[in-house]
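Pasted below: run21.tsv, TSV, C-alpha atoms and all ligand atoms.
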chain	number	residue	atom	x	y	z
R	260	MET	CA	-9.59	-3.69	8.02
R	261	GLN	CA	-8.20	-5.44	4.93
R	262	ASN	CA	-7.28	-9.08	5.50
R	263	PRO	CA	-3.46	-8.79	5.88
R	264	ILE	CA	-2.73	-12.52	5.52
R	265	ILE	CA	-0.68	-13.43	2.45
R	266	LEU	CA	-0.62	-17.21	2.11
R	267	ALA	CA	2.74	-18.42	0.75
R	268	LEU	CA	1.85	-21.18	-1.73
R	269	ASP	CA	5.15	-22.98	-1.17
R	270	LEU	CA	4.01	-26.14	-2.90
R	271	PRO	CA	5.81	-27.90	-5.74
R	272	ASP	CA	3.05	-28.19	-8.34
R	273	ALA	CA	0.03	-26.36	-9.75
R	274	ALA	CA	-2.56	-28.99	-8.84
R	275	SER	CA	-1.85	-29.03	-5.11
R	276	ALA	CA	-1.39	-25.24	-4.99
R	277	LEU	CA	-4.71	-24.61	-6.77
R	278	ALA	CA	-6.57	-27.06	-4.54
R	279	LEU	CA	-5.20	-25.28	-1.46
R	280	ALA	CA	-5.92	-21.83	-2.93
R	281	GLN	CA	-9.56	-22.66	-3.67
R	282	GLN	CA	-10.04	-24.00	-0.16
R	283	VAL	CA	-8.47	-21.01	1.59
R	284	ALA	CA	-9.50	-18.16	-0.77
R	285	PRO	CA	-12.28	-16.74	1.47
R	286	CYS	CA	-9.92	-16.49	4.47
R	287	VAL	CA	-6.80	-14.76	3.10
R	288	GLY	CA	-5.93	-11.36	1.62
R	289	ALA	CA	-3.48	-12.56	-1.06
R	290	PHE	CA	-1.56	-15.56	-2.39
R	291	LYS	CA	2.22	-15.52	-2.75
R	292	VAL	CA	3.78	-17.39	-5.67
R	293	GLY	CA	7.53	-17.87	-5.29
R	294	SER	CA	10.25	-19.05	-7.62
R	295	GLU	CA	9.77	-22.79	-6.98
R	296	LEU	CA	6.11	-22.82	-7.96
R	297	PHE	CA	6.46	-20.24	-10.74
R	298	THR	CA	9.35	-22.11	-12.34
R	299	ALA	CA	7.34	-25.33	-12.21
R	300	ALA	CA	3.90	-24.06	-13.13
R	301	GLY	CA	4.48	-20.78	-14.99
R	302	PRO	CA	2.32	-17.80	-15.93
R	303	ASP	CA	-0.66	-20.00	-16.76
R	304	PHE	CA	-0.82	-21.05	-13.14
R	305	VAL	CA	-0.90	-17.39	-12.06
R	306	ARG	CA	-3.81	-16.74	-14.48
R	307	ARG	CA	-5.73	-19.67	-13.01
R	308	LEU	CA	-4.97	-18.46	-9.50
R	309	ARG	CA	-6.39	-15.03	-10.38
R	310	GLU	CA	-9.71	-16.75	-11.18
R	311	THR	CA	-10.18	-17.02	-7.40
R	312	LEU	CA	-10.22	-13.16	-7.48
R	313	VAL	CA	-7.75	-13.13	-4.59
R	314	PRO	CA	-4.80	-10.73	-5.20
R	315	VAL	CA	-1.53	-12.39	-6.22
R	316	PHE	CA	1.95	-11.54	-4.93
R	317	LEU	CA	4.60	-12.66	-7.44
R	318	ASP	CA	7.75	-13.13	-5.36
R	319	LEU	CA	10.49	-13.54	-7.98
R	320	LYS	CA	12.86	-10.89	-6.53
R	321	PHE	CA	13.92	-9.30	-9.82
R	322	HIS	CA	17.56	-8.09	-9.84
R	323	ASP	CA	19.04	-7.09	-13.22
R	324	ILE	CA	19.84	-4.03	-15.30
R	325	PRO	CA	17.07	-1.40	-15.15
R	326	ASN	CA	15.79	-2.05	-18.69
R	327	THR	CA	15.41	-5.80	-18.06
R	328	VAL	CA	13.75	-5.32	-14.69
R	329	ALA	CA	11.35	-2.77	-16.18
R	330	LYS	CA	10.31	-5.32	-18.82
R	331	ALA	CA	9.95	-8.11	-16.26
R	332	VAL	CA	7.74	-5.83	-14.15
R	333	ALA	CA	5.65	-5.00	-17.23
R	334	SER	CA	5.15	-8.74	-17.84
R	335	ALA	CA	4.08	-9.20	-14.22
R	336	VAL	CA	1.56	-6.34	-14.53
R	337	ARG	CA	0.12	-7.96	-17.68
R	338	LEU	CA	-0.30	-11.15	-15.62
R	339	ASP	CA	-2.49	-9.05	-13.31
R	340	VAL	CA	-0.47	-9.48	-10.13
R	341	GLN	CA	-1.09	-7.03	-7.29
R	342	MET	CA	2.35	-7.25	-5.60
R	343	LEU	CA	5.81	-8.21	-6.78
R	344	THR	CA	9.35	-8.11	-5.42
R	345	ILE	CA	12.63	-6.62	-6.61
R	346	HIS	CA	16.04	-6.56	-4.88
R	347	THR	CA	16.90	-3.09	-3.55
R	348	GLY	CA	20.57	-4.08	-4.06
R	349	GLY	CA	19.95	-3.52	-7.80
R	350	GLY	CA	20.32	0.19	-7.04
R	351	LEU	CA	18.39	3.44	-7.31
R	352	GLU	CA	18.08	3.45	-11.08
R	353	MET	CA	16.83	-0.13	-11.20
R	354	MET	CA	14.22	0.53	-8.51
R	355	ARG	CA	13.03	3.70	-10.28
R	356	ALA	CA	12.73	1.80	-13.55
R	357	ALA	CA	10.65	-0.90	-11.85
R	358	GLU	CA	8.29	1.59	-10.23
R	359	GLN	CA	7.92	3.57	-13.46
R	360	SER	CA	7.20	0.44	-15.47
R	361	ALA	CA	4.58	-0.67	-12.92
R	362	ALA	CA	2.89	2.74	-13.13
R	363	GLU	CA	2.98	3.03	-16.92
R	364	THR	CA	1.99	-0.54	-17.76
R	365	SER	CA	-0.92	-0.57	-15.33
R	366	ALA	CA	-2.12	2.85	-16.52
R	367	ALA	CA	-2.13	1.56	-20.12
R	368	LEU	CA	-4.25	-1.40	-18.98
R	369	ASN	CA	-6.49	0.81	-16.86
R	370	ARG	CA	-5.63	-1.07	-13.67
R	371	PRO	CA	-4.32	0.08	-10.30
R	372	PRO	CA	-0.52	-0.21	-10.17
R	373	PRO	CA	0.86	-3.25	-8.30
R	374	LEU	CA	2.83	-2.73	-5.13
R	375	VAL	CA	6.51	-3.07	-6.07
R	376	LEU	CA	8.16	-4.36	-2.89
R	377	GLY	CA	11.86	-3.92	-2.21
R	378	VAL	CA	13.79	-6.77	-0.60
R	379	THR	CA	16.69	-5.45	1.49
R	380	VAL	CA	19.07	-7.94	3.15
R	381	LEU	CA	17.95	-11.57	2.95
R	382	THR	CA	17.31	-12.90	6.45
R	383	SER	CA	19.58	-15.84	5.62
R	384	MET	CA	22.49	-13.37	5.58
R	385	ASN	CA	24.46	-12.47	8.71
R	386	GLY	CA	27.17	-9.88	9.39
R	387	ALA	CA	29.99	-12.14	8.19
R	388	GLY	CA	28.19	-12.89	4.92
R	389	LEU	CA	27.54	-9.19	4.34
R	390	GLU	CA	31.18	-8.36	5.03
R	391	GLN	CA	32.26	-10.87	2.36
R	392	LEU	CA	30.24	-8.78	-0.11
R	393	GLY	CA	32.01	-5.59	0.95
R	394	CYS	CA	28.87	-4.12	2.53
R	395	GLY	CA	30.20	-3.78	6.10
R	396	SER	CA	29.20	-6.20	8.83
R	397	ASP	CA	26.25	-4.33	10.36
R	398	VAL	CA	23.12	-5.96	8.95
R	399	GLY	CA	20.76	-3.45	10.60
R	400	LYS	CA	22.62	-0.46	9.15
R	401	HIS	CA	22.66	-2.02	5.68
R	402	VAL	CA	18.92	-2.72	5.86
R	403	GLU	CA	18.35	0.93	6.82
R	404	ARG	CA	20.57	2.19	3.98
R	405	LEU	CA	18.75	0.06	1.38
R	406	ALA	CA	15.32	0.93	2.80
R	407	ALA	CA	16.08	4.66	2.60
R	408	LEU	CA	17.27	4.21	-1.00
R	409	ALA	CA	14.04	2.35	-1.84
R	410	ALA	CA	12.01	5.25	-0.46
R	411	GLN	CA	14.13	7.69	-2.48
R	412	ALA	CA	13.45	5.63	-5.62
R	413	GLY	CA	9.72	5.95	-4.99
R	414	LEU	CA	8.99	2.36	-3.93
R	415	ARG	CA	5.79	2.12	-1.91
R	416	GLY	CA	6.60	-1.06	-0.04
R	417	LEU	CA	9.31	-3.24	1.48
R	418	VAL	CA	9.67	-6.82	2.67
R	419	CYS	CA	11.23	-6.90	6.12
R	420	SER	CA	11.83	-9.29	9.00
R	421	PRO	CA	9.53	-8.97	12.02
R	422	LEU	CA	12.38	-7.56	14.07
R	423	GLU	CA	13.06	-4.75	11.57
R	424	ILE	CA	9.50	-3.38	11.50
R	425	GLN	CA	9.86	-0.99	14.41
R	426	ARG	CA	13.10	0.63	13.23
R	427	LEU	CA	11.86	0.94	9.64
R	428	ARG	CA	8.63	2.53	10.82
R	429	GLU	CA	10.71	5.25	12.56
R	430	LEU	CA	12.81	5.79	9.46
R	431	LEU	CA	10.38	5.65	6.54
R	432	PRO	CA	7.36	7.62	5.36
R	433	HIS	CA	4.21	6.41	7.09
R	434	SER	CA	2.70	5.40	3.74
R	435	MET	CA	5.39	2.74	3.14
R	436	GLN	CA	3.74	-0.71	3.14
R	437	LEU	CA	5.70	-3.27	5.20
R	438	VAL	CA	5.31	-6.95	4.36
R	439	THR	CA	6.62	-9.37	6.96
R	440	PRO	CA	7.34	-13.11	6.86
R	441	GLY	CA	8.52	-15.08	9.92
R	442	ILE	CA	5.09	-15.22	11.57
R	443	ARG	CA	4.46	-17.93	14.15
R	444	LEU	CA	1.55	-18.19	16.56
R	445	GLY	CA	3.58	-19.50	19.45
R	446	ASP	CA	1.65	-22.76	19.66
R	447	GLU	CA	3.50	-24.44	16.80
R	448	LYS	CA	7.15	-25.05	15.93
R	449	ALA	CA	9.19	-22.28	14.35
R	450	ASP	CA	10.48	-24.62	11.56
R	451	ASP	CA	13.62	-22.97	10.15
R	452	GLN	CA	12.52	-19.44	11.08
R	453	LYS	CA	14.84	-17.98	13.71
R	454	ARG	CA	13.39	-14.53	14.20
R	455	THR	CA	9.64	-14.73	14.57
R	456	LEU	CA	6.72	-12.70	15.93
R	457	SER	CA	3.07	-13.54	16.33
R	458	ALA	CA	0.69	-12.12	13.72
R	459	ARG	CA	-0.77	-9.74	16.29
R	460	ALA	CA	2.65	-8.51	17.47
R	461	ALA	CA	3.79	-7.89	13.87
R	462	ILE	CA	0.66	-5.85	13.07
R	463	ASP	CA	0.99	-3.93	16.35
R	464	ALA	CA	4.63	-3.16	15.49
R	465	GLY	CA	3.52	-1.63	12.17
R	466	ALA	CA	3.37	-4.38	9.53
R	467	ASN	CA	0.70	-3.99	6.85
R	468	TRP	CA	0.88	-7.52	5.46
R	469	LEU	CA	1.92	-10.89	6.92
R	470	VAL	CA	3.42	-13.62	4.73
R	471	ILE	CA	2.44	-16.94	6.29
R	472	GLY	CA	3.22	-20.36	4.85
R	473	ARG	CA	3.54	-23.50	6.96
R	474	PRO	CA	1.33	-22.39	9.90
R	475	ILE	CA	-1.54	-22.41	7.32
R	476	TYR	CA	-0.73	-24.85	4.53
R	477	ALA	CA	0.74	-27.52	6.82
R	478	ALA	CA	-2.17	-27.29	9.28
R	479	PRO	CA	-4.72	-30.14	9.30
R	480	GLN	CA	-7.40	-27.63	8.24
R	481	PRO	CA	-5.74	-24.72	6.42
R	482	ALA	CA	-8.85	-22.52	6.10
R	483	GLU	CA	-9.55	-22.90	9.81
R	484	ALA	CA	-5.92	-22.04	10.63
R	485	ALA	CA	-6.16	-18.86	8.52
R	486	ARG	CA	-9.45	-17.90	10.20
R	487	ARG	CA	-7.88	-18.39	13.62
R	488	ILE	CA	-4.95	-16.13	12.74
R	489	LEU	CA	-7.32	-13.48	11.40
R	490	ALA	CA	-9.40	-13.66	14.58
R	491	SER	CA	-6.23	-13.19	16.67
R	492	LEU	CA	-5.81	-9.76	15.04
R	493	THR	CA	-9.14	-8.39	16.14
R	494	THR	CA	-9.65	-9.82	19.62
V	1	LIG	O1	6.33	-21.31	6.07
V	1	LIG	P1	6.72	-19.93	6.48
V	1	LIG	O2	5.60	-19.17	7.16
V	1	LIG	O3	8.02	-19.86	7.22
V	1	LIG	O4	6.92	-19.19	5.06
V	1	LIG	C1	7.40	-17.89	4.96
V	1	LIG	C2	7.44	-17.47	3.52
V	1	LIG	O5	8.08	-16.19	3.47
V	1	LIG	C3	8.24	-18.37	2.59
V	1	LIG	O6	7.65	-18.28	1.28
V	1	LIG	C4	9.61	-17.74	2.59
V	1	LIG	O7	10.32	-17.99	1.41
V	1	LIG	C5	9.25	-16.27	2.71
V	1	LIG	N1	10.31	-15.43	3.27
V	1	LIG	C6	10.86	-15.65	4.53
V	1	LIG	N2	11.85	-14.84	5.00
V	1	LIG	C7	12.28	-13.82	4.25
V	1	LIG	C8	11.73	-13.56	3.01
V	1	LIG	C9	10.73	-14.41	2.55
V	1	LIG	O8	10.46	-16.58	5.22
V	1	LIG	N3	13.19	-13.02	4.74
What would you get if you wrote out this structure as structure tokens?
Ligand code: C5P
Amino acid sequence: MQNPIILALDLPDAASALALAQQVAPCVGAFKVGSELFTAAGPDFVRRLRETLVPVFLDLKFHDIPNTVAKAVASAVRLDVQMLTIHTGGGLEMMRAAEQSAAETSAALNRPPPLVLGVTVLTSMNGAGLEQLGCGSDVGKHVERLAALAAQAGLRGLVCSPLEIQRLRELLPHSMQLVTPGIRLGDEKADDQKRTLSARAAIDAGANWLVIGRPIYAAPQPAEAARRILASLTT
């Protein structure tokens, strides 16, 4: 089994994120770099992170015209990231352009293509918020619509909430990789996460990857916390 734990490096600066990454590298399957850290520390930080040899997930949620997204994806591939996110709300053509750019740029560099992950409806959005955008008020239906469009565009992965895994597994090709945040072990506080599952329950429901932040980086011993979560998946 691959290690499905993606540690969210939700820290404000490169020094603390690198110190954490070096400590936890043997116990996780990937590191996630989001917009806070990337905007502060930049591509150089990602290159230094890759020196740990742990795969990197660049979570910048690209959403722009297809040509611009294709070029942003190409830049991410040149940074040697193994996963990245785009907004499915950018539409079919944008998603196709992202996937094509990932395939072509990585082929030119003789590397495996990164997993381009589609983000559907942000979990901070509820029915009323969606309605304001003219997308109807049924969040579940809109997630399904965007997920089906992502599959049609050829995306090979999606980010989804723990509570969407089961429905998306019924709807999508089996090969679709599902990446799920909102993981809590049950013995710690949920922080601001409202819809959570344990790591084991998320994997059992059909998730391929688990994005985990505070339960690891805010633990007294982060590497030990990651090891404990990993052990919970196999016992
Ligand atoms: O600390 P915690 O485990 O809640 O961190 C979860 C990570 O997953 C954070 O980086 C957060 O931004 C991200 N995320 C999320 N919910 C989403 C999408 C991403 O919590 N729907």
- prompt: Is there a way to get, as a PyMOL selection string, all residues within 12 Å of the point (-2.7, -26.0, 4.4) in file coordinates, counting all atoms listed in the file?
  reply: chain R and resi 266-270+275-284+286+471-485
Could you build a table of the residues in chain R lying no more than 10 Å from ligand LIG 1 (chain V), giving for each the nearest pair of atoms and their separation in Å rounded to one decimal place, using only C-alpha atoms and all ligand atoms, ordered by chain and ascending residue number, as JSON lines?
{"residue": "R:Ile265", "atom": "CA", "partner": "V:LIG1", "partner_atom": "C2", "distance": 9.1}
{"residue": "R:Leu266", "atom": "CA", "partner": "V:LIG1", "partner_atom": "C2", "distance": 8.2}
{"residue": "R:Ala267", "atom": "CA", "partner": "V:LIG1", "partner_atom": "O6", "distance": 4.9}
{"residue": "R:Leu268", "atom": "CA", "partner": "V:LIG1", "partner_atom": "O6", "distance": 7.1}
{"residue": "R:Asp269", "atom": "CA", "partner": "V:LIG1", "partner_atom": "O6", "distance": 5.9}
{"residue": "R:Leu270", "atom": "CA", "partner": "V:LIG1", "partner_atom": "O6", "distance": 9.6}
{"residue": "R:Lys291", "atom": "CA", "partner": "V:LIG1", "partner_atom": "O6", "distance": 7.3}
{"residue": "R:Val292", "atom": "CA", "partner": "V:LIG1", "partner_atom": "O6", "distance": 8.0}
{"residue": "R:Gly293", "atom": "CA", "partner": "V:LIG1", "partner_atom": "O6", "distance": 6.6}
{"residue": "R:Ser294", "atom": "CA", "partner": "V:LIG1", "partner_atom": "O7", "distance": 9.1}
{"residue": "R:Glu295", "atom": "CA", "partner": "V:LIG1", "partner_atom": "O6", "distance": 9.6}
{"residue": "R:Asp318", "atom": "CA", "partner": "V:LIG1", "partner_atom": "O6", "distance": 8.4}
{"residue": "R:Lys320", "atom": "CA", "partner": "V:LIG1", "partner_atom": "C9", "distance": 10.0}
{"residue": "R:Val378", "atom": "CA", "partner": "V:LIG1", "partner_atom": "C8", "distance": 8.0}
{"residue": "R:Thr379", "atom": "CA", "partner": "V:LIG1", "partner_atom": "N3", "distance": 9.0}
{"residue": "R:Val380", "atom": "CA", "partner": "V:LIG1", "partner_atom": "N3", "distance": 7.9}
{"residue": "R:Leu381", "atom": "CA", "partner": "V:LIG1", "partner_atom": "N3", "distance": 5.3}
{"residue": "R:Thr382", "atom": "CA", "partner": "V:LIG1", "partner_atom": "N3", "distance": 4.5}
{"residue": "R:Ser383", "atom": "CA", "partner": "V:LIG1", "partner_atom": "N3", "distance": 7.0}
{"residue": "R:Met384", "atom": "CA", "partner": "V:LIG1", "partner_atom": "N3", "distance": 9.3}
{"residue": "R:Val418", "atom": "CA", "partner": "V:LIG1", "partner_atom": "C8", "distance": 7.1}
{"residue": "R:Cys419", "atom": "CA", "partner": "V:LIG1", "partner_atom": "N3", "distance": 6.6}
{"residue": "R:Ser420", "atom": "CA", "partner": "V:LIG1", "partner_atom": "N3", "distance": 5.8}
{"residue": "R:Pro421", "atom": "CA", "partner": "V:LIG1", "partner_atom": "N3", "distance": 9.1}
{"residue": "R:Val438", "atom": "CA", "partner": "V:LIG1", "partner_atom": "C8", "distance": 9.3}
{"residue": "R:Thr439", "atom": "CA", "partner": "V:LIG1", "partner_atom": "C7", "distance": 7.7}
{"residue": "R:Pro440", "atom": "CA", "partner": "V:LIG1", "partner_atom": "O5", "distance": 4.6}
{"residue": "R:Gly441", "atom": "CA", "partner": "V:LIG1", "partner_atom": "O8", "distance": 5.3}
{"residue": "R:Ile442", "atom": "CA", "partner": "V:LIG1", "partner_atom": "O2", "distance": 5.9}
{"residue": "R:Arg443", "atom": "CA", "partner": "V:LIG1", "partner_atom": "O2", "distance": 7.2}
{"residue": "R:Ala449", "atom": "CA", "partner": "V:LIG1", "partner_atom": "O3", "distance": 7.6}
{"residue": "R:Asp450", "atom": "CA", "partner": "V:LIG1", "partner_atom": "O3", "distance": 6.9}
{"residue": "R:Asp451", "atom": "CA", "partner": "V:LIG1", "partner_atom": "O3", "distance": 7.0}
{"residue": "R:Gln452", "atom": "CA", "partner": "V:LIG1", "partner_atom": "O3", "distance": 5.9}
{"residue": "R:Lys453", "atom": "CA", "partner": "V:LIG1", "partner_atom": "O3", "distance": 9.6}
{"residue": "R:Arg454", "atom": "CA", "partner": "V:LIG1", "partner_atom": "N2", "distance": 9.3}
{"residue": "R:Thr455", "atom": "CA", "partner": "V:LIG1", "partner_atom": "O3", "distance": 9.1}
{"residue": "R:Leu469", "atom": "CA", "partner": "V:LIG1", "partner_atom": "O5", "distance": 8.8}
{"residue": "R:Val470", "atom": "CA", "partner": "V:LIG1", "partner_atom": "O5", "distance": 5.5}
{"residue": "R:Ile471", "atom": "CA", "partner": "V:LIG1", "partner_atom": "O2", "distance": 4.0}
{"residue": "R:Gly472", "atom": "CA", "partner": "V:LIG1", "partner_atom": "O1", "distance": 3.5}
{"residue": "R:Arg473", "atom": "CA", "partner": "V:LIG1", "partner_atom": "O1", "distance": 3.7}
{"residue": "R:Pro474", "atom": "CA", "partner": "V:LIG1", "partner_atom": "O2", "distance": 6.0}
{"residue": "R:Ile475", "atom": "CA", "partner": "V:LIG1", "partner_atom": "O2", "distance": 7.8}
{"residue": "R:Tyr476", "atom": "CA", "partner": "V:LIG1", "partner_atom": "O1", "distance": 8.0}
{"residue": "R:Ala477", "atom": "CA", "partner": "V:LIG1", "partner_atom": "O1", "distance": 8.4}
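Of the listed residues R:Gln436, R:Leu431, R:Leu351, R:Ser491, the one whose atoms come nearest to Arg459 of chain R is R:Ser491, with distances taken using all atoms listed in the file.
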task: May I have the protein, DNA and RNA residues with any atom at most 9 Å from the point (-5.6, -17.7, -7.6), counting all atoms listed in the file, written as a ChimeraX atom specification?
output: /R:277,280-281,284,289-290,304-315
- request: Can you pull out every residue within 8 Å of Gly416 of chain R, counting all atoms listed in the file, but drop anything in the same chain fewer than 3 positions away, and send it as JSON, numbers by chain?
  value: {"R": [374, 375, 376, 377, 435, 436, 437, 438]}
- line: Val340 of chain R proximity check over R:Leu489, R:Leu319, R:Ile462, R:Ala273, using only C-alpha atoms: winner is R:Leu319
Return as JSON lines the residues of segment 422-460 of chain R lying at most 9 Å from segment 387-411 of chain R, together with the closest atom-to-atom pair for each and the distance in Å to one decimal, counting all atoms listed in the file, with rows in chain order and ascending residue number.
{"residue": "R:Glu423", "atom": "CA", "partner": "R:Gly399", "partner_atom": "CA", "distance": 7.9}
{"residue": "R:Arg426", "atom": "CA", "partner": "R:Glu403", "partner_atom": "CA", "distance": 8.3}
{"residue": "R:Leu427", "atom": "CA", "partner": "R:Glu403", "partner_atom": "CA", "distance": 7.1}
{"residue": "R:Leu430", "atom": "CA", "partner": "R:Ala407", "partner_atom": "CA", "distance": 7.7}
{"residue": "R:Leu431", "atom": "CA", "partner": "R:Ala407", "partner_atom": "CA", "distance": 7.0}
{"residue": "R:Pro432", "atom": "CA", "partner": "R:Ala410", "partner_atom": "CA", "distance": 7.8}
{"residue": "R:Met435", "atom": "CA", "partner": "R:Ala410", "partner_atom": "CA", "distance": 7.9}
Okay, now the selection with C-alpha atoms, as an mmCIF file, in the coordinates of the input?
data_model
loop_
_atom_site.group_PDB
_atom_site.id
_atom_site.type_symbol
_atom_site.label_atom_id
_atom_site.label_comp_id
_atom_site.auth_asym_id
_atom_site.auth_seq_id
_atom_site.Cartn_x
_atom_site.Cartn_y
_atom_site.Cartn_z
ATOM 1 C CA GLU R 423 13.060 -4.750 11.570
ATOM 2 C CA ARG R 426 13.100 0.630 13.230
ATOM 3 C CA LEU R 427 11.860 0.940 9.640
ATOM 4 C CA LEU R 430 12.810 5.790 9.460
ATOM 5 C CA LEU R 431 10.380 5.650 6.540
ATOM 6 C CA PRO R 432 7.360 7.620 5.360
ATOM 7 C CA MET R 435 5.390 2.740 3.140
#
message: Restricting the calculation to only C-alpha atoms: of R:Asn326, R:Asn385, R:His346, R:Arg337, which residue gets closest to Gln359 of chain R?
response: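 Of R:Asn326, R:Asn385, R:His346, R:Arg337, the one nearest Gln359 of chain R, counting only C-alpha atoms, is R:Asn326.
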Rebuild N, CA and C atoms on segment 331-350 of chain R, as an mmCIF file, in the coordinates of the input?
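Result file rebuild-v2.cif:
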data_model
loop_
_atom_site.group_PDB
_atom_site.id
_atom_site.type_symbol
_atom_site.label_atom_id
_atom_site.label_comp_id
_atom_site.auth_asym_id
_atom_site.auth_seq_id
_atom_site.Cartn_x
_atom_site.Cartn_y
_atom_site.Cartn_z
ATOM 1 N N ALA R 331 10.472 -7.018 -17.089
ATOM 2 C CA ALA R 331 9.950 -8.110 -16.260
ATOM 3 C C ALA R 331 8.748 -7.622 -15.445
ATOM 4 N N VAL R 332 8.854 -6.402 -14.912
ATOM 5 C CA VAL R 332 7.740 -5.830 -14.150
ATOM 6 C C VAL R 332 6.521 -5.648 -15.058
ATOM 7 N N ALA R 333 6.760 -5.180 -16.286
ATOM 8 C CA ALA R 333 5.650 -5.000 -17.230
ATOM 9 C C ALA R 333 4.959 -6.350 -17.490
ATOM 10 N N SER R 334 5.742 -7.414 -17.632
ATOM 11 C CA SER R 334 5.150 -8.740 -17.840
ATOM 12 C C SER R 334 4.318 -9.155 -16.633
ATOM 13 N N ALA R 335 4.815 -8.856 -15.441
ATOM 14 C CA ALA R 335 4.080 -9.200 -14.220
ATOM 15 C C ALA R 335 2.765 -8.422 -14.152
ATOM 16 N N VAL R 336 2.796 -7.151 -14.549
ATOM 17 C CA VAL R 336 1.560 -6.340 -14.530
ATOM 18 C C VAL R 336 0.558 -6.933 -15.520
ATOM 19 N N ARG R 337 1.040 -7.361 -16.689
ATOM 20 C CA ARG R 337 0.120 -7.960 -17.680
ATOM 21 C C ARG R 337 -0.476 -9.269 -17.171
ATOM 22 N N LEU R 338 0.235 -9.924 -16.250
ATOM 23 C CA LEU R 338 -0.300 -11.150 -15.620
ATOM 24 C C LEU R 338 -1.346 -10.817 -14.563
ATOM 25 N N ASP R 339 -1.514 -9.518 -14.296
ATOM 26 C CA ASP R 339 -2.490 -9.050 -13.310
ATOM 27 C C ASP R 339 -2.138 -9.463 -11.887
ATOM 28 N N VAL R 340 -0.840 -9.258 -11.530
ATOM 29 C CA VAL R 340 -0.470 -9.480 -10.130
ATOM 30 C C VAL R 340 -0.571 -8.154 -9.372
ATOM 31 N N GLN R 341 -0.861 -8.231 -8.085
ATOM 32 C CA GLN R 341 -1.090 -7.030 -7.290
ATOM 33 C C GLN R 341 0.132 -6.629 -6.467
ATOM 34 N N MET R 342 1.094 -7.548 -6.316
ATOM 35 C CA MET R 342 2.350 -7.250 -5.600
ATOM 36 C C MET R 342 3.455 -8.044 -6.278
ATOM 37 N N LEU R 343 4.659 -7.478 -6.265
ATOM 38 C CA LEU R 343 5.810 -8.210 -6.780
ATOM 39 C C LEU R 343 7.051 -7.701 -6.066
ATOM 40 N N THR R 344 8.130 -8.505 -6.128
ATOM 41 C CA THR R 344 9.350 -8.110 -5.420
ATOM 42 C C THR R 344 10.512 -7.828 -6.368
ATOM 43 N N ILE R 345 11.353 -6.884 -5.945
ATOM 44 C CA ILE R 345 12.630 -6.620 -6.610
ATOM 45 C C ILE R 345 13.693 -6.501 -5.503
ATOM 46 N N HIS R 346 14.954 -6.725 -5.864
ATOM 47 C CA HIS R 346 16.040 -6.560 -4.880
ATOM 48 C C HIS R 346 16.467 -5.091 -4.837
ATOM 49 N N THR R 347 16.445 -4.484 -3.651
ATOM 50 C CA THR R 347 16.900 -3.090 -3.550
ATOM 51 C C THR R 347 18.390 -2.975 -3.883
ATOM 52 N N GLY R 348 19.142 -4.077 -3.734
ATOM 53 C CA GLY R 348 20.570 -4.080 -4.060
ATOM 54 C C GLY R 348 20.841 -3.836 -5.539
ATOM 55 N N GLY R 349 19.805 -3.860 -6.379
ATOM 56 C CA GLY R 349 19.950 -3.520 -7.800
ATOM 57 C C GLY R 349 20.199 -2.039 -8.015
ATOM 58 N N GLY R 350 19.976 -1.237 -6.958
ATOM 59 C CA GLY R 350 20.320 0.190 -7.040
ATOM 60 C C GLY R 350 19.145 1.099 -7.353
#
